[in-house]
Structures are given as structure tokens and as C-alpha cells.
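Undergrad: If it helps, the file is called my_file_20.txt and holds compact mmCIF, C-alpha atoms:
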```
# COMPACT_ATOMS: atom_id res chain seq x y z
CA SER X 1 -57.65 -14.88 72.34
CA SER X 2 -53.92 -15.58 72.62
CA GLY X 3 -54.57 -19.23 71.75
CA ALA X 4 -56.14 -18.20 68.46
CA THR X 5 -53.19 -15.95 67.79
CA GLU X 6 -50.72 -18.77 68.40
CA SER X 7 -52.63 -21.17 66.16
CA SER X 8 -52.74 -18.57 63.38
CA ALA X 9 -49.01 -18.03 63.74
CA GLY X 10 -48.43 -21.75 63.57
CA ALA X 11 -50.43 -21.97 60.37
CA ALA X 12 -48.48 -19.05 58.91
CA GLY X 13 -45.15 -20.57 59.75
CA GLY X 14 -46.14 -23.99 58.45
CA ALA X 15 -47.51 -22.77 55.15
CA GLY X 16 -44.72 -20.28 54.61
CA LEU X 17 -41.82 -22.65 55.25
CA ALA X 18 -43.26 -25.78 53.66
CA VAL X 19 -42.32 -24.69 50.14
CA PRO X 20 -38.57 -24.34 50.77
CA SER X 21 -38.44 -27.74 52.46
CA SER X 22 -40.21 -29.49 49.60
CA ALA X 23 -38.12 -27.63 47.02
CA VAL X 24 -34.87 -28.73 48.66
CA ALA X 25 -36.12 -32.30 48.71
CA ALA X 26 -36.75 -32.03 44.96
CA VAL X 27 -33.04 -31.64 44.24
CA PRO X 28 -31.22 -34.80 45.33
CA GLY X 29 -27.61 -34.08 46.09
CA ALA X 30 -28.09 -30.35 45.65
CA PRO X 31 -26.34 -29.39 48.92
CA ALA X 32 -23.21 -31.18 47.77
CA ARG X 33 -23.16 -29.93 44.17
CA CYS X 34 -24.97 -26.57 44.31
CA PRO X 35 -24.80 -25.19 47.87
CA VAL X 36 -27.61 -22.75 48.69
CA ARG X 37 -25.93 -20.59 51.31
CA PRO X 38 -23.29 -18.89 49.09
CA ARG X 39 -26.04 -17.78 46.72
CA ALA X 40 -28.15 -16.45 49.59
CA PHE X 41 -25.19 -14.22 50.48
CA PHE X 42 -25.85 -12.16 47.34
CA TRP X 43 -29.42 -11.51 48.46
CA LEU X 44 -28.14 -10.43 51.88
CA LEU X 45 -25.83 -7.97 50.14
CA SER X 46 -28.82 -6.46 48.36
CA LEU X 47 -30.66 -6.21 51.68
CA LEU X 48 -27.69 -4.41 53.25
CA ALA X 49 -27.46 -1.98 50.33
CA ALA X 50 -31.22 -1.31 50.41
CA SER X 51 -31.12 -0.72 54.18
CA LEU X 52 -28.27 1.76 53.86
CA LEU X 53 -30.06 3.53 51.01
CA TRP X 54 -33.27 3.76 53.06
CA PHE X 55 -31.41 5.11 56.10
CA VAL X 56 -29.67 7.79 54.07
CA SER X 57 -32.89 8.75 52.27
CA VAL X 58 -34.82 9.16 55.51
CA GLN X 59 -32.04 11.19 57.08
CA LEU X 60 -31.77 13.53 54.09
CA SER X 61 -35.52 13.98 53.52
CA GLY X 62 -36.55 13.96 57.17
CA ARG X 63 -39.77 12.07 56.38
CA GLU X 64 -41.15 8.57 55.94
CA ASP X 65 -44.22 8.88 53.72
CA ALA X 66 -45.83 6.54 51.18
CA ALA X 67 -43.97 8.05 48.23
CA LEU X 68 -40.59 7.42 49.85
CA LEU X 69 -41.66 3.89 50.75
CA LEU X 70 -42.61 3.19 47.12
CA LEU X 71 -39.26 4.47 45.91
CA GLY X 72 -37.49 2.41 48.56
CA ALA X 73 -39.31 -0.75 47.50
CA ALA X 74 -38.45 -0.14 43.84
CA ALA X 75 -34.80 0.49 44.72
CA ALA X 76 -34.70 -2.70 46.80
CA VAL X 77 -36.06 -4.72 43.85
CA LEU X 78 -33.47 -3.26 41.47
CA LEU X 79 -30.68 -3.97 43.97
CA GLN X 80 -31.85 -7.57 44.30
CA GLU X 81 -31.77 -8.05 40.54
CA LEU X 82 -28.35 -6.42 40.36
CA CYS X 83 -27.07 -8.88 42.97
CA ARG X 84 -28.72 -11.72 41.03
CA PHE X 85 -26.72 -10.62 37.99
CA ALA X 86 -23.55 -10.51 40.09
CA CYS X 87 -24.35 -14.03 41.30
CA PHE X 88 -24.68 -15.17 37.68
CA LYS X 89 -21.32 -13.66 36.72
CA VAL X 90 -19.53 -15.26 39.68
CA LEU X 91 -21.11 -18.67 39.05
CA LYS X 92 -20.30 -18.41 35.35
CA LYS X 93 -16.65 -17.80 36.14
CA ALA X 94 -16.64 -20.69 38.61
CA ASP X 95 -18.28 -22.92 36.01
CA GLU X 96 -15.61 -22.07 33.47
CA GLY X 97 -12.92 -22.85 36.05
CA LEU X 98 -14.46 -26.24 36.82
CA ALA X 99 -14.64 -27.01 33.11
CA THR X 100 -10.91 -26.36 32.65
CA LEU X 101 -10.06 -28.66 35.57
CA SER X 102 -12.20 -31.58 34.39
CA LYS X 103 -10.80 -34.24 32.09
CA ASP X 104 -13.51 -33.90 29.45
CA ARG X 105 -13.55 -30.09 29.67
CA GLN X 106 -17.20 -30.24 30.75
CA SER X 107 -18.53 -28.63 33.91
CA PRO X 108 -20.14 -31.08 36.37
CA ILE X 109 -22.92 -28.53 37.03
CA SER X 110 -25.34 -27.41 34.33
CA LEU X 111 -26.56 -23.85 33.92
CA ARG X 112 -30.11 -24.93 34.73
CA GLU X 113 -29.00 -26.47 38.03
CA MET X 114 -27.18 -23.28 38.95
CA ALA X 115 -30.18 -21.17 37.96
CA TYR X 116 -32.62 -23.32 39.95
CA VAL X 117 -30.54 -23.41 43.12
CA SER X 118 -29.67 -19.72 42.85
CA GLY X 119 -33.33 -18.76 42.52
CA LEU X 120 -34.29 -21.13 45.32
CA SER X 121 -31.65 -19.67 47.65
CA PHE X 122 -32.88 -16.13 46.91
CA GLY X 123 -36.43 -17.30 47.61
CA ILE X 124 -35.63 -19.06 50.88
CA ILE X 125 -33.64 -16.21 52.42
CA SER X 126 -36.18 -13.65 51.18
CA GLY X 127 -39.04 -15.72 52.57
CA VAL X 128 -37.34 -16.11 55.95
CA PHE X 129 -36.79 -12.37 56.28
CA SER X 130 -40.38 -11.71 55.16
CA ILE X 131 -42.02 -14.01 57.70
CA VAL X 132 -39.70 -13.84 60.73
CA ASN X 133 -40.93 -10.46 62.04
CA ILE X 134 -44.54 -11.49 61.53
CA LEU X 135 -43.97 -14.68 63.51
CA ALA X 136 -42.24 -12.68 66.24
CA ASP X 137 -45.24 -10.34 66.51
CA SER X 138 -47.61 -13.31 66.56
CA ALA X 139 -46.16 -14.44 69.90
CA GLY X 140 -48.39 -11.82 71.49
CA PRO X 141 -49.74 -10.38 73.60
CA GLY X 142 -52.77 -9.41 71.57
CA THR X 143 -55.59 -10.67 69.38
CA VAL X 144 -55.59 -10.46 65.60
CA GLY X 145 -58.32 -8.18 64.26
CA ILE X 146 -59.35 -6.73 67.64
CA HIS X 147 -59.28 -3.19 66.22
CA GLY X 148 -61.17 -4.07 63.06
CA ASP X 149 -58.17 -5.34 61.09
CA SER X 150 -58.35 -8.53 59.07
CA PRO X 151 -58.23 -11.73 61.17
CA TYR X 152 -56.55 -13.46 58.22
CA TYR X 153 -53.35 -11.43 58.47
CA PHE X 154 -51.11 -14.34 59.44
CA ILE X 155 -52.41 -16.89 56.98
CA THR X 156 -52.31 -14.40 54.08
CA SER X 157 -48.75 -13.45 55.06
CA ALA X 158 -47.86 -17.14 54.86
CA PHE X 159 -49.30 -17.45 51.37
CA PHE X 160 -47.51 -14.28 50.28
CA THR X 161 -44.25 -15.78 51.56
CA MET X 162 -44.93 -19.03 49.72
CA ALA X 163 -45.56 -17.11 46.48
CA LEU X 164 -42.39 -15.08 47.02
CA VAL X 165 -40.24 -18.21 47.37
CA LEU X 166 -41.74 -19.70 44.21
CA LEU X 167 -41.38 -16.45 42.27
CA HIS X 168 -37.71 -16.08 43.15
CA THR X 169 -37.10 -19.67 42.06
CA PHE X 170 -38.84 -19.04 38.73
CA TRP X 171 -37.10 -15.69 38.25
CA GLY X 172 -33.74 -17.35 38.84
CA VAL X 173 -34.34 -19.84 36.02
CA ILE X 174 -35.56 -17.16 33.60
CA PHE X 175 -32.89 -14.61 34.58
CA PHE X 176 -29.95 -16.98 34.12
CA ASP X 177 -31.27 -18.16 30.77
CA ALA X 178 -31.73 -14.55 29.61
CA CYS X 179 -28.19 -13.67 30.72
CA GLU X 180 -26.76 -16.69 28.94
CA ARG X 181 -28.61 -15.87 25.72
CA ARG X 182 -28.04 -12.11 26.12
CA HIS X 183 -31.79 -11.57 25.90
CA ALA X 184 -32.46 -8.10 27.31
CA GLY X 185 -36.22 -8.56 26.98
CA GLY X 186 -36.21 -11.50 29.38
CA LEU X 187 -34.21 -9.53 31.94
CA GLY X 188 -36.62 -6.62 31.65
CA LEU X 189 -39.65 -8.84 32.12
CA VAL X 190 -38.12 -10.42 35.23
CA MET X 191 -37.48 -6.99 36.72
CA GLY X 192 -40.98 -5.88 35.73
CA GLY X 193 -42.52 -8.95 37.34
CA HIS X 194 -40.51 -8.38 40.51
CA LEU X 195 -41.59 -4.74 40.67
CA LEU X 196 -45.21 -5.80 40.11
CA ALA X 197 -45.06 -8.42 42.86
CA SER X 198 -43.66 -5.86 45.30
CA GLY X 199 -46.19 -3.25 44.24
CA LEU X 200 -49.10 -5.61 44.82
CA THR X 201 -48.24 -5.77 48.53
CA PHE X 202 -49.18 -2.09 48.81
CA LEU X 203 -52.79 -3.10 48.10
CA ASN X 204 -53.00 -4.85 51.47
CA PRO X 205 -55.27 -5.30 53.40
CA TRP X 206 -57.34 -5.84 50.23
CA TYR X 207 -56.14 -9.42 50.26
CA GLU X 208 -58.64 -10.63 47.65
CA VAL X 209 -56.99 -8.37 45.06
CA SER X 210 -53.36 -8.48 46.16
CA LEU X 211 -53.13 -12.19 46.99
CA GLY X 212 -55.17 -13.27 43.96
CA SER X 213 -53.09 -11.14 41.60
CA THR X 214 -49.87 -12.40 43.16
CA PHE X 215 -50.84 -16.03 42.60
CA ILE X 216 -51.86 -15.32 39.01
CA LEU X 217 -48.43 -13.76 38.50
CA THR X 218 -46.82 -16.79 40.18
CA LEU X 219 -48.67 -19.21 37.91
CA CYS X 220 -47.76 -17.30 34.74
CA THR X 221 -44.13 -16.95 35.80
CA GLY X 222 -43.98 -20.65 36.69
CA LEU X 223 -45.23 -21.63 33.25
CA TRP X 224 -42.68 -19.30 31.66
CA ALA X 225 -39.85 -20.80 33.75
CA PHE X 226 -41.06 -24.32 32.90
CA SER X 227 -40.91 -23.51 29.20
CA THR X 228 -37.52 -21.82 29.58
CA ALA X 229 -36.11 -24.92 31.29
CA GLY X 230 -37.14 -27.03 28.30
CA GLY X 231 -40.37 -28.40 29.73
CA SER X 232 -43.36 -29.30 27.60
CA PHE X 233 -46.86 -30.70 28.01
CA HIS X 234 -45.68 -33.92 26.37
CA ASN X 235 -43.01 -34.35 29.04
CA VAL X 236 -45.59 -33.80 31.77
CA LEU X 237 -47.78 -36.55 30.31
CA LYS X 238 -44.80 -38.90 30.13
CA CYS X 239 -43.98 -38.15 33.76
CA LEU X 240 -47.55 -38.77 34.90
CA SER X 241 -47.71 -42.02 32.94
CA CYS X 242 -44.37 -43.15 34.48
CA LYS X 243 -42.90 -43.91 31.07
```
Will you turn the file into C-alpha cells for me?
TA:
Amino acid sequence: SSGATESSAGAAGGAGLAVPSSAVAAVPGAPARCPVRPRAFFWLLSLLAASLLWFVSVQLSGREDAALLLLGAAAAVLLQELCRFACFKVLKKADEGLATLSKDRQSPISLREMAYVSGLSFGIISGVFSIVNILADSAGPGTVGIHGDSPYYFITSAFFTMALVLLHTFWGVIFFDACERRHAGGLGLVMGGHLLASGLTFLNPWYEVSLGSTFILTLCTGLWAFSTAGGSFHNVLKCLSCK
């Protein structure tokens, strides 16, 4: 029924957008020191470039098959990572400028703060664009699964969006650290993880495989980002013990 559709859409929207809200709350003063919107602009540039590339490819080939869609997804991932690198270079220049203006020649914003907020902004804007069309379709009319499709489409889309926001946040931390250290292996693994996450969506509607694999990837990437940011099990214990 339409009521079931609306409730599923509500669950999808709630689960998908809860992560960005909680992540923003985890950074006190972040809007003032590390604004999210300028960083999201770089992701929008990658979206524009990917859209233009897709339009030209379809016009030249005259077809829209699975192979072209796979190539388009891979190109979109590479464009996103290229724009992430451009974001790093711009922020690095801005950081150097702030350091020269300060009295102690120290920037008021650390690299880890920039990396976290940059990754979070990529995740939020990517998550919004991922879920907005699904929420628009959920307004009806229609019933989910009436033609034999999965009735869990909305809720799984919400969890995919949540994983995407987290992954972009983790990738931002790892990517900036790899750029700062000039570690090509870290950059390659971030790109590989991003390509893998995008490729897993092509397994849908086998949600048990695609969603499970995506969350395993999210967990592993989160642990990697935690270690990259200087985290340790000892610090977690100290935090939990309130010492």
C-alpha cells in the first residue's frame, strides 16, 4: 500500500541522513573553522565532469549498455579522487597562507581536521545525491515489490547511503595523510577501495552480498583511518574509562 511505501521512505531518509547529522555534531566549532560547503564544491565539480563525460560517451556510442555503465562508474570514481586531490592542494595552499599570517607561524587548523571535514563534506553531498532520487520515487504512487522486486529496496538504499558517507569520511583522512607523506600506495588503496565500493552496487538486488561486503569494507577502512589519525586501542580504553 502507499502507506507502507511512505513508511519505508521515512525509514530510508532517517537512516541515511542520521550519520551526517551525528558526524557534524562530533566536531564542535567545525562550521566556523573548517566549513563543509566549500569542500563539497569539489565533489560537485566531479559530478559535473562525470555527467558531461557520460553524455558525450552515450552520444558517440549510441548505446547505454552495462559495459558503458561500468566504464562510466569507474570514470566517475577517478574524477572524484582527482577532485579530492585538487581539494587537498587548495587547502594546503590556504593552510600555508594562514601560517604566514599568524604570529607563531602555526596554522590554526591541523591537517587531520582538514582531512576529516573534507571527507565528511564529500560524504554528505554524495549521500544526498544518492538518496534524493530514491526518496522522490518513494512518494508514489506504487507499492514496493509489487512486481516481485525486493520490498527492502528503500531500507537497503538507506544503509548504502550511510556506508557511503562513512567511507568518504574515512577516505578523506587516509587520502590527505597519503598526500602529505607522498605515499603512493595509500592513494592507490583509496582509489581501489572506492572502485570496489562502486562495483559492489552492481550486485544489487543481491543485497545480502552487496550490502554485507560494503559494510565489511567500511569497517576495514574505518580501522585504517583510525590508525592513520593516530588512534590506538589504548586510547579507546582511556576514553571509555573517562581518564
Undergrad: Looking at all atoms listed in the file, which of X:Tyr152, X:Cys239, X:Ala136, X:His234 is the one that sits closest to Trp206 in chain X?
TA: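 For Trp206 in chain X, the nearest of the given residues is X:Tyr152.
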Undergrad: What is the CA of Arg84 in chain X-CA of Leu68 in chain X distance in Å, reported with one decimal?
TA: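 These atoms are spaced 24.2 Å apart.
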Undergrad: Report, in Å with one decimal, the straight-line distance from CA of Gly185 in chain X to CA of Gly172 in chain X.
TA: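 Going from CA of Gly185 in chain X over to CA of Gly172 in chain X, I get 15.0 Å.
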Undergrad: Please determine, counting only C-alpha atoms, which residue among X:Leu196, X:Met191, X:Leu53, X:Val165 has the shortest atom-to-atom distance to Ile125 in chain X.
TA: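 With only C-alpha atoms as the atom set, the closest residue is X:Val165.
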Undergrad: For CA of Asp95 in chain X and CA of Trp224 in chain X, quote the distance in Å rounded to one decimal.
TA: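 Straight-line distance from CA of Asp95 in chain X to CA of Trp224 in chain X works out to 25.0 Å.
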Undergrad: Which one is closest to Phe160 in chain X: X:Leu47, X:Val173, X:Leu211, X:Val90? Count all atoms listed in the file.
TA: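 Going through X:Leu47, X:Val173, X:Leu211, X:Val90 one by one, the smallest distance to Phe160 in chain X is for X:Leu211.
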Undergrad: List the neighbours of Thr214 in chain X out to 8 Å using only C-alpha atoms; skip same-chain residues closer than 6 positions along the sequence, and give me the result as number ranges by chain.
TA: X: 160, 163, 197, 200
Undergrad: Go through X:Cys87, X:Val77, X:Ala99, X:Ala139 one by one, measure the shortest atom-to-atom distance of each to Phe175 in chain X using all atoms listed in the file, and give the residue with the smallest value.
TA: X:Cys87
Undergrad: Got a sec: who's within 10 Å of Phe85 in chain X, counting only C-alpha atoms, leaving out chain neighbours fewer than 5 positions off, as a PyMOL selection string?
TA: chain X and resi 42+79-80+90-91+172+175-176+179+187
Undergrad: Within 10 Å of Glu180 in chain X, counting all atoms listed in the file, which residues show up once you throw out same-chain ones fewer than 2 positions away? Write them as a ChimeraX atom specification, please.
TA: /X:88-89,92,111,174-178,182-183
Undergrad: For Leu164 in chain X, find every residue with an atom within 10 Å (counting all atoms listed in the file), except residues of its own chain fewer than 5 positions away, and show them as a list in words.
TA: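 Contacts, in chain order: Gly16, Phe122, Gly123, Ile124, Ser126, Gly127, Ser130, Ala158, Phe159, Thr169, Phe170, His194, Ala197, Ser198, Thr214, Phe215 and Thr218 of chain X.
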Undergrad: Nearest to Leu189 in chain X among X:Val56, X:Thr156, X:Glu81, X:Pro205, with distances taken over only C-alpha atoms: which residue is it?
TA: X:Glu81
Undergrad: With a distance cut-off of 10 Å and all atoms listed in the file, select the neighbouring residues of Gly230 in chain X, excluding the residue or stretch itself and same-chain residues fewer than 5 positions from it, and output the selection as a PyMOL selection string.
TA: chain X and resi 112+225+235
Undergrad: So, with only C-alpha atoms as the atoms that count, which of X:Leu219, X:Leu44, X:Leu195, X:Ala184 lies closest to Leu78 in chain X?
TA: X:Leu195
